[in-house]
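Engineer: I'd like to ask some things about the structure below.
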Amino acid sequence: MHHQWLLLAACFWVIFMFMVASKFITLTFKDPDGYGAKQEPLILTAVTKVEEVHVPEQKHWPEEFQPTGKAFSGNLIRQPLVHMERLELLRNVCRDTALRNLSHTAVSKFVLDRIFVCDKHKILFCQTPKVGNTQWKKVLIVLNGAFSSIEEIPENIVHDHEKNGLPRLSSFSDSEIKKRLNLYFKFFIVRDPFERLISAFKDKFVHNPRFEPWYRHEIAPGIIRKYRKNRTETKGLQFEDFVRYLGDPNHRWLDVQFGDHIIHWVTYVELCAPCEITYSVIGHHETLEDDAPYILKAAGIDHLVSYPTIPPGITVYNKTKVERYFSGISKRDIRRLYTRFEGDFKLFGYREPDFLLN
């Protein structure tokens, strides 16, 4: 009987020690920062991912750089970070006094003519030709109510500013311009500066799909007379002639003669004044598949319209094509061209071409 009581007491002792040990383990491994709050492992995982992209913990972004308040999900979860980094880079380069002449410009009528207005949804879009602007115009035309869907818009209407229902910012009074610049969602699109120039050259002087004869019959001869080295050459405008014209520090006297047609090859700085106007988003042509949905969501219009389908591979940077076009051009001429467009390269995070570094 005595042995039975000893065995029973031993069992109670073992049970008691096990309870104490369990309590100790629970207290030791409980997250002290989660005291009094429900533990959410998914939230901790999300915080870990944010830290991996090196976002400063104390960074406070101005209100105009924030999305419209709608939640982002799926592939768009990193998009706000990407666009904040782009805007931060832009602000830093704008503050660089060494690049001031290449990054700053007056908000002139030329700039205001490039900015299209959607008052109904408080949106401003700055046109930067050769980066898919036609599709963004279609989006705004639908939003302004001129057509009910993108598919219904005739191609000849898109660029007819008498009929497409897209007012330019320059058509408003000074006070109305200032109000819209301060309050509206503002965006534009960029692409690699040299690839954009190749696109402009091919579109206006080689293929000319919109049948604009003045590029070949008026502008091209003017460039050839001034910049062609071999006067006996009878071919039409060559890319080498085009590069020499654009890289000439005295190009402006021809620009004046060409008028607004130069919008297809002047810098993004001259078109949109990104250091003077506080843009909400700057999209990149190379990542348009992600940027277009983000812009629509950030502007609060993704439930009203969709960006037209992007053919596979059309927005990818074609390094081989760029190198081929510049392969027969002297380093001096390429360097002068880069000097003019250096502001665009630096403001929007594009690398100096490898063929300039070799």
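In the structure tokens, each chain is lettered A, B, ... as it comes, each chain's residues begin at 1, and ligands are numbered from 1 in order of appearance.
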As a count of residues only, please: every residue in segment 249-355 of chain A that a backbone DSSP assignment puts in helix (DSSP H, G or I).

Structural biologist: 59

Engineer: Tell me, as a PyMOL selection string, which residues lie within 12 Å of Arg340 of chain A, counting only C-alpha atoms; anything in the same chain fewer than 3 positions away does not count.

Structural biologist: chain A and resi 99+101-103+193-194+243-251+265-270+333-337+343-346

Engineer: Have a look at atom CA of Leu124 of chain A and atom CA of Arg100 of chain A and let me know their distance in Å, one decimal.

Structural biologist: 24.9 Å

Engineer: Compile the contact shell of segment 211-228 of chain A as a PyMOL selection string: residues with an atom at most 8 Å away, counting only C-alpha atoms, same-chain residues fewer than 6 positions apart removed.

Structural biologist: chain A and resi 204-205+236-237+241-242+244-245+254+258

Engineer: Figure out the distance between atom CA of Leu89 of chain A and atom CA of Lys331 of chain A, please, to one decimal in Å.

Structural biologist: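 Atom CA of Leu89 of chain A lies at a distance of 28.3 Å from atom CA of Lys331 of chain A.
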
Engineer: Write out as number ranges by chain which residues come within 9 Å of Asp192 of chain A when counting only C-alpha atoms, dropping same-chain ones fewer than 5 positions away.

Structural biologist: A: 197, 284-286, 317, 344-345, 348, 350-351

Engineer: Contacts of segment 168-185 of chain A at 8 Å or less, counting only C-alpha atoms, minus same-chain residues fewer than 2 places along, as JSON, numbers by chain?

Structural biologist: {"A": [64, 109, 112, 113, 114, 115, 116, 117, 122, 123, 124, 166, 187, 277, 278, 279, 280, 299]}

Engineer: Rank A:Ile314, A:Ile282, A:Val107, A:Leu140 by their smallest atom-to-atom distance to Ile189 of chain A, using only C-alpha atoms, and report the top residue only.

Structural biologist: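 So, comparing all the options, the nearest one is A:Ile282.
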
Engineer: Which of segment 103-349 of chain A end up as strand (DSSP E or B) when DSSP is run on this backbone - answer as a list in words?

Structural biologist: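 Across segment 103-349 of chain A, those assigned strand (DSSP E or B) are Ile115, Phe116, Val117, Cys118, Ile123, Leu124, Phe125, Cys126, Arg168, Phe185, Lys186, Phe187, Phe188, Ile189, Val190, Val281, Ile282, Gly283 and His284 of chain A.
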
Engineer: Rounded to one decimal place, report the atom CA of Glu152 of chain A-atom CA of Leu288 of chain A distance in Å.

Structural biologist: 22.9 Å

Engineer: Considering only C-alpha atoms, give me a table of residues in segment 252-339 of chain A that are at most 10 Å from segment 94-97 of chain A, with the closest atom pair and distance in Å for each, as JSON lines.

Structural biologist:
{"residue": "A:Pro274", "atom": "CA", "partner": "A:Cys94", "partner_atom": "CA", "distance": 8.4}
{"residue": "A:Cys275", "atom": "CA", "partner": "A:Cys94", "partner_atom": "CA", "distance": 5.6}
{"residue": "A:Glu276", "atom": "CA", "partner": "A:Cys94", "partner_atom": "CA", "distance": 8.9}

Engineer: Any chance you could export the current selection's N, CA and C atoms as a compact mmCIF listing (two decimals), in the first residue's frame?

Structural biologist:
# COMPACT_ATOMS: atom_id res chain seq x y z
N PRO A 274 9.25 67.71 -66.91
CA PRO A 274 9.06 66.87 -65.72
C PRO A 274 9.66 67.42 -64.44
N CYS A 275 10.59 68.37 -64.53
CA CYS A 275 11.15 68.96 -63.32
C CYS A 275 10.33 70.16 -62.84
N GLU A 276 9.46 70.66 -63.70
CA GLU A 276 8.61 71.80 -63.33
C GLU A 276 7.20 71.37 -62.95

Engineer: Select, from A:Ile141, A:Ala200, A:Leu357, A:Val322, the residue with the minimum atom-to-atom distance to Phe125 of chain A, counting only C-alpha atoms.

Structural biologist: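 Checking each of A:Ile141, A:Ala200, A:Leu357, A:Val322 against Phe125 of chain A, counting only C-alpha atoms, the winner is A:Ile141.
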